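Asks: Submitted below is the structure of interest, expressed as structure tokens.
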Amino acid sequence: MTDWLNILLQGALLGGLYALFAIGLSLSFGIMRLVNIAHGDFIVLSAYIALAFIQATGINALASLAIVVPLMFALGYALQRGLLNFTLSGGLLSPLLVTFGISVIIENVLLQIFGADIRRLHAGAIETDSVAFGGIAVGVYPLLVFAVAVIAIAGLQVLFYRTALGRAFRATSDDAGTAELLGIDNRHLYAMAMAIAMIFTALAGVLMAIRTTFDPAAGPIRLIFAFEAVIIGGLGSLWGMLIGGMVLGIAQAVGAALSPTWQILAGHIAFLIVLVIRPSGLFPHTRD
Amino acid sequence: MILLRTRGLRAFYGDFQALFDVDLDVEEGETVAVIGANGAGKTTLLRAIAGALACDAAMVEFDGRAIGGLRAHDVVHRGITMVPEGRKLFPSLTVEENLMLGAYCGRAGAWNLARVYALFPVLQELRSLPATSLSGGQQQMAAIGRALMSNPRLLLCDELSLGLAPVIIRDIYACLGAITAEGTTLVIVEQDINRALEASARFYCLQEGRVALTAACRGFDRAAITSAYFGV
């Protein structure tokens, strides 16, 4: 019994990481209808940037966030303003193709610079510390990641519903042309959206890299997890991303408990079941 | 003083030319009507002034500066805001959020939430509802209020009467006085000729993208307007 409780809890906590994967993807789609195929590769890129700084300076992996987050924020702004904005007028296909190209470029540049070795970041004792809940030992690190995901989504909730920038994001998502007529510069706003998305992408990348191994080709499967978490939770729903991530995490944990080879497949099956039963996700929030 | 001046204004939708050499002058503080049949280019004219349609810099002059080449958001920062045809409130935002969005550009001036609620008290009662739950007339008030929140020097009103009951239209036009009292200049596009002429000092009548007639509204010749309107 406690075994299963343990599995459910570990899976739910893993869902926090998947929610962090989902945020960046969901923001860029929600605000500018841009499907970022390179999203998983930006997660992995963040991990490699952290790795490079850690190798150069010897700082703790968690401390590297202080560098990686602002860097990815700036990269996101520049990427959207200098490139992706120009793809948005070309229908849904051009951003797909361009971000697919970016995905290929990132993977190959990482392979060129860092090689194909499997890497991992180290954050010290926090990785192995645990606290006991009843008879279940819970890792401090998974708890921390889950807490970060909850705080991240709460922060987004405040941003979207309590600030002028958030109102502008929502208005532009509704009707970009009318928003422009009220003084909102879409080019800047979209760049800000991608920059903010990259904050969460950077968080997800570094936190992932402490928990599990990564290599230059590790992006696409993260993109799939992010997609699944977003779709299960329901497009446009902030807390739905957390629930979607948890559903995915629990399904994978249960699958892994049945047989190690079933871990990923069980997640996909849970995703398909949700798609069949509720095609718009558990908490749909879009109006199109 | 001339606040808005267009000279030889041309605008295109792709290869289709919608405006041909439109010359228009609007004095500061004045209310000017732009009338004309469907497809005469009234909305196109407003969209070109507002920067939503590209035109050459020199074609539109505002407060002595060429603004024709600016993008729409820049034009708002200069002091021109448009109430778009069909209200175009943001459905994801509440009434109050829609109004506050109007203040996004951060222009200082007489208008703020309290003033807008004083002008349209019903909006205050409905402030936390989704904008889509309002009636057509209330939505039009919210759209006007949202534009006022940007404290424009020039307010462009596109088809305020569209789809509204006559009694509602009368209420909305009655509020325009409070707006001009702040010194705000108005350009009103309207299909309802009588309504437009009552509210303004001068009018321009467009026909197939050209100015067919311009005159003062008092003592206008009805037959001349009809001729300019329909081109017969």
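Note on naming: chains are A, B, ... as they come in the structure tokens, residues start from 1 per chain, ligands start from 1 in the order shown.
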Counting only C-alpha atoms, what are the residues of chain B within 8 Å of chain A, and for each of them which pair of atoms is the nearest and at what distance in Å, to one decimal? Sort the table by chain and rising number, as JSON lines.
Replies:
```
{"residue": "B:Ala50", "atom": "CA", "partner": "A:Leu181", "partner_atom": "CA", "distance": 7.3}
{"residue": "B:Ala52", "atom": "CA", "partner": "A:Leu181", "partner_atom": "CA", "distance": 7.2}
{"residue": "B:Ala72", "atom": "CA", "partner": "A:Leu181", "partner_atom": "CA", "distance": 5.5}
{"residue": "B:His73", "atom": "CA", "partner": "A:Gly183", "partner_atom": "CA", "distance": 3.8}
{"residue": "B:Asp74", "atom": "CA", "partner": "A:Gly183", "partner_atom": "CA", "distance": 6.6}
{"residue": "B:Val75", "atom": "CA", "partner": "A:Gly183", "partner_atom": "CA", "distance": 7.6}
{"residue": "B:Val76", "atom": "CA", "partner": "A:Gly183", "partner_atom": "CA", "distance": 5.1}
{"residue": "B:His77", "atom": "CA", "partner": "A:Gly183", "partner_atom": "CA", "distance": 6.4}
{"residue": "B:Thr81", "atom": "CA", "partner": "A:Leu182", "partner_atom": "CA", "distance": 6.8}
{"residue": "B:Met82", "atom": "CA", "partner": "A:Leu181", "partner_atom": "CA", "distance": 6.7}
{"residue": "B:Pro84", "atom": "CA", "partner": "A:Thr178", "partner_atom": "CA", "distance": 7.7}
{"residue": "B:Lys88", "atom": "CA", "partner": "A:Thr178", "partner_atom": "CA", "distance": 6.9}
{"residue": "B:Phe90", "atom": "CA", "partner": "A:Ala171", "partner_atom": "CA", "distance": 5.7}
{"residue": "B:Pro91", "atom": "CA", "partner": "A:Asp174", "partner_atom": "CA", "distance": 6.9}
{"residue": "B:Ser92", "atom": "CA", "partner": "A:Arg170", "partner_atom": "CA", "distance": 6.8}
{"residue": "B:Leu93", "atom": "CA", "partner": "A:Ala171", "partner_atom": "CA", "distance": 7.1}
{"residue": "B:Glu97", "atom": "CA", "partner": "A:Arg167", "partner_atom": "CA", "distance": 7.1}
{"residue": "B:Met100", "atom": "CA", "partner": "A:Ala164", "partner_atom": "CA", "distance": 8.0}
{"residue": "B:Leu101", "atom": "CA", "partner": "A:Arg167", "partner_atom": "CA", "distance": 6.7}
{"residue": "B:Gly102", "atom": "CA", "partner": "A:Leu182", "partner_atom": "CA", "distance": 5.9}
{"residue": "B:Tyr104", "atom": "CA", "partner": "A:Ala164", "partner_atom": "CA", "distance": 6.8}
{"residue": "B:Cys105", "atom": "CA", "partner": "A:Gly183", "partner_atom": "CA", "distance": 5.4}
{"residue": "B:Ala147", "atom": "CA", "partner": "A:Leu182", "partner_atom": "CA", "distance": 7.2}
{"residue": "B:Ser150", "atom": "CA", "partner": "A:Leu182", "partner_atom": "CA", "distance": 7.6}
```
Asks: Can you tell me, as a PyMOL selection string, what residues are no more than 8 Å from range 244-256 of chain A when counting only C-alpha atoms, ignoring any on the same chain fewer than 4 positions away?
Replies: chain A and resi 7-19+22+225-226+228-234+240+260-268+270-271+282
Asks: Could you tell me which of A:Gly58, A:Pro142, A:Phe114, A:Phe169 comes closest to Arg187 in chain A if we count only C-alpha atoms?
Replies: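 For Arg187 in chain A, the nearest of the given residues is A:Phe169.
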Asks: Could you check how far CA of Gly29 in chain B sits from CA of Ile80 in chain B, in Å to one decimal?
Replies: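 So the answer is 13.2 Å.
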Asks: With only C-alpha atoms as the counted atoms, please give the residues lying no more than 12 Å from range 222-225 of chain B, apart from itself and same-chain residues fewer than 2 positions off, as a list in words.
Replies: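 Counting only C-alpha atoms, the residues come to Val34, Ile35, Gly36, Ala37, Ile193, Asn194, Leu197, Phe203, Tyr204, Cys205, Leu206, Gln207, Val211, Ala212, Leu213, Thr214, Ala215, Ala216, Cys217, Arg218, Gly219, Phe220, Ser227, Ala228, Tyr229, Phe230, Gly231 and Val232 of chain B.
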Asks: Considering only C-alpha atoms, can you say which of A:Leu203, A:Leu96, A:Ile243, A:Met192 comes closest to Gly166 in chain A?
Replies: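 Smallest separation from Gly166 in chain A among the options: A:Met192.
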Asks: Where does DSSP see strand (DSSP E or B) in range 1-42 of chain B, if you list the residues as a JSON list (two decimals) with N, CA and C atoms, in the first residue's frame?
Replies:
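Once written, result12.json looks like this:
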```json
[["chain", "number", "residue", "atom", "x", "y", "z"],
["B", 2, "ILE", "N", -4.69, 74.04, -36.93],
["B", 2, "ILE", "CA", -4.99, 72.76, -37.57],
["B", 2, "ILE", "C", -4.31, 71.64, -36.78],
["B", 3, "LEU", "N", -5.11, 70.68, -36.27],
["B", 3, "LEU", "CA", -4.53, 69.58, -35.51],
["B", 3, "LEU", "C", -4.18, 68.42, -36.43],
["B", 4, "LEU", "N", -5.13, 68.11, -37.31],
["B", 4, "LEU", "CA", -4.93, 66.97, -38.22],
["B", 4, "LEU", "C", -5.06, 67.46, -39.66],
["B", 5, "ARG", "N", -4.13, 67.06, -40.48],
["B", 5, "ARG", "CA", -4.20, 67.44, -41.89],
["B", 5, "ARG", "C", -3.76, 66.25, -42.73],
["B", 6, "THR", "N", -4.59, 65.87, -43.70],
["B", 6, "THR", "CA", -4.11, 64.87, -44.66],
["B", 6, "THR", "C", -3.99, 65.55, -46.00],
["B", 7, "ARG", "N", -2.96, 65.19, -46.71],
["B", 7, "ARG", "CA", -2.70, 65.77, -48.03],
["B", 7, "ARG", "C", -2.41, 64.66, -49.02],
["B", 8, "GLY", "N", -3.27, 64.55, -50.02],
["B", 8, "GLY", "CA", -3.06, 63.53, -51.06],
["B", 8, "GLY", "C", -3.03, 62.12, -50.49],
["B", 9, "LEU", "N", -3.85, 61.89, -49.46],
["B", 9, "LEU", "CA", -3.80, 60.59, -48.76],
["B", 9, "LEU", "C", -4.33, 59.47, -49.67],
["B", 10, "ARG", "N", -3.47, 58.49, -49.86],
["B", 10, "ARG", "CA", -3.86, 57.30, -50.62],
["B", 10, "ARG", "C", -3.69, 56.10, -49.72],
["B", 11, "ALA", "N", -4.57, 55.13, -49.84],
["B", 11, "ALA", "CA", -4.41, 53.89, -49.07],
["B", 11, "ALA", "C", -4.84, 52.72, -49.92],
["B", 12, "PHE", "N", -4.20, 51.61, -49.67],
["B", 12, "PHE", "CA", -4.42, 50.40, -50.48],
["B", 12, "PHE", "C", -4.71, 49.21, -49.58],
["B", 13, "TYR", "N", -5.60, 48.32, -50.07],
["B", 13, "TYR", "CA", -5.68, 46.97, -49.51],
["B", 13, "TYR", "C", -5.08, 46.06, -50.57],
["B", 16, "PHE", "N", -5.70, 46.82, -54.32],
["B", 16, "PHE", "CA", -6.91, 47.61, -54.44],
["B", 16, "PHE", "C", -6.72, 48.97, -53.76],
["B", 17, "GLN", "N", -6.91, 50.04, -54.53],
["B", 17, "GLN", "CA", -6.76, 51.38, -53.96],
["B", 17, "GLN", "C", -8.09, 51.83, -53.37],
["B", 18, "ALA", "N", -8.10, 52.12, -52.07],
["B", 18, "ALA", "CA", -9.35, 52.45, -51.38],
["B", 18, "ALA", "C", -9.50, 53.96, -51.18],
["B", 19, "LEU", "N", -8.40, 54.71, -51.15],
["B", 19, "LEU", "CA", -8.48, 56.16, -50.98],
["B", 19, "LEU", "C", -7.65, 56.82, -52.07],
["B", 20, "PHE", "N", -8.22, 57.90, -52.65],
["B", 20, "PHE", "CA", -7.54, 58.62, -53.72],
["B", 20, "PHE", "C", -7.34, 60.08, -53.30],
["B", 21, "ASP", "N", -6.13, 60.47, -52.98],
["B", 21, "ASP", "CA", -5.79, 61.88, -52.75],
["B", 21, "ASP", "C", -6.79, 62.60, -51.86],
["B", 22, "VAL", "N", -7.00, 62.08, -50.67],
["B", 22, "VAL", "CA", -7.94, 62.70, -49.75],
["B", 22, "VAL", "C", -7.24, 63.85, -49.00],
["B", 23, "ASP", "N", -7.82, 65.02, -49.08],
["B", 23, "ASP", "CA", -7.34, 66.18, -48.32],
["B", 23, "ASP", "C", -8.36, 66.49, -47.24],
["B", 24, "LEU", "N", -7.90, 66.54, -46.00],
["B", 24, "LEU", "CA", -8.82, 66.75, -44.89],
["B", 24, "LEU", "C", -8.12, 67.62, -43.84],
["B", 25, "ASP", "N", -8.81, 68.59, -43.31],
["B", 25, "ASP", "CA", -8.26, 69.43, -42.25],
["B", 25, "ASP", "C", -9.18, 69.40, -41.06],
["B", 26, "VAL", "N", -8.62, 69.23, -39.88],
["B", 26, "VAL", "CA", -9.44, 69.27, -38.67],
["B", 26, "VAL", "C", -8.78, 70.23, -37.69],
["B", 27, "GLU", "N", -9.55, 71.22, -37.27],
["B", 27, "GLU", "CA", -9.06, 72.20, -36.29],
["B", 27, "GLU", "C", -9.05, 71.57, -34.91],
["B", 31, "THR", "N", -15.37, 69.24, -34.03],
["B", 31, "THR", "CA", -15.93, 67.92, -34.33],
["B", 31, "THR", "C", -16.27, 67.88, -35.81],
["B", 32, "VAL", "N", -15.69, 66.89, -36.49],
["B", 32, "VAL", "CA", -15.86, 66.79, -37.93],
["B", 32, "VAL", "C", -16.46, 65.43, -38.25],
["B", 33, "ALA", "N", -17.47, 65.42, -39.12],
["B", 33, "ALA", "CA", -18.09, 64.16, -39.51],
["B", 33, "ALA", "C", -17.55, 63.72, -40.87],
["B", 34, "VAL", "N", -17.38, 62.42, -41.03],
["B", 34, "VAL", "CA", -17.06, 61.85, -42.33],
["B", 34, "VAL", "C", -18.22, 60.93, -42.69],
["B", 35, "ILE", "N", -18.94, 61.30, -43.74],
["B", 35, "ILE", "CA", -20.09, 60.50, -44.12],
["B", 35, "ILE", "C", -19.85, 59.91, -45.51],
["B", 36, "GLY", "N", -20.74, 59.02, -45.88],
["B", 36, "GLY", "CA", -20.59, 58.38, -47.17],
["B", 36, "GLY", "C", -21.24, 57.01, -47.15]]
```
Asks: Can you pull out the residues contacting range 194-196 of chain A? Cut-off 10 Å, using only C-alpha atoms, and skip same-chain residues under 4 positions away; I want them as JSON, numbers by chain.
Replies: {"A": [23, 24, 25, 27, 28, 29, 31, 32, 34, 69, 70, 71, 72, 73, 74, 75, 76, 77, 78, 79, 80, 81, 84, 156, 188, 189, 190, 200, 201]}
Asks: Find the residue from A:Ile37, A:Ala123, A:Ile269, A:Ile151 that sits nearest to Leu51 in chain A; use only C-alpha atoms when measuring.
Replies: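 Using only C-alpha atoms, the shortest distance to Leu51 in chain A belongs to A:Ala123.
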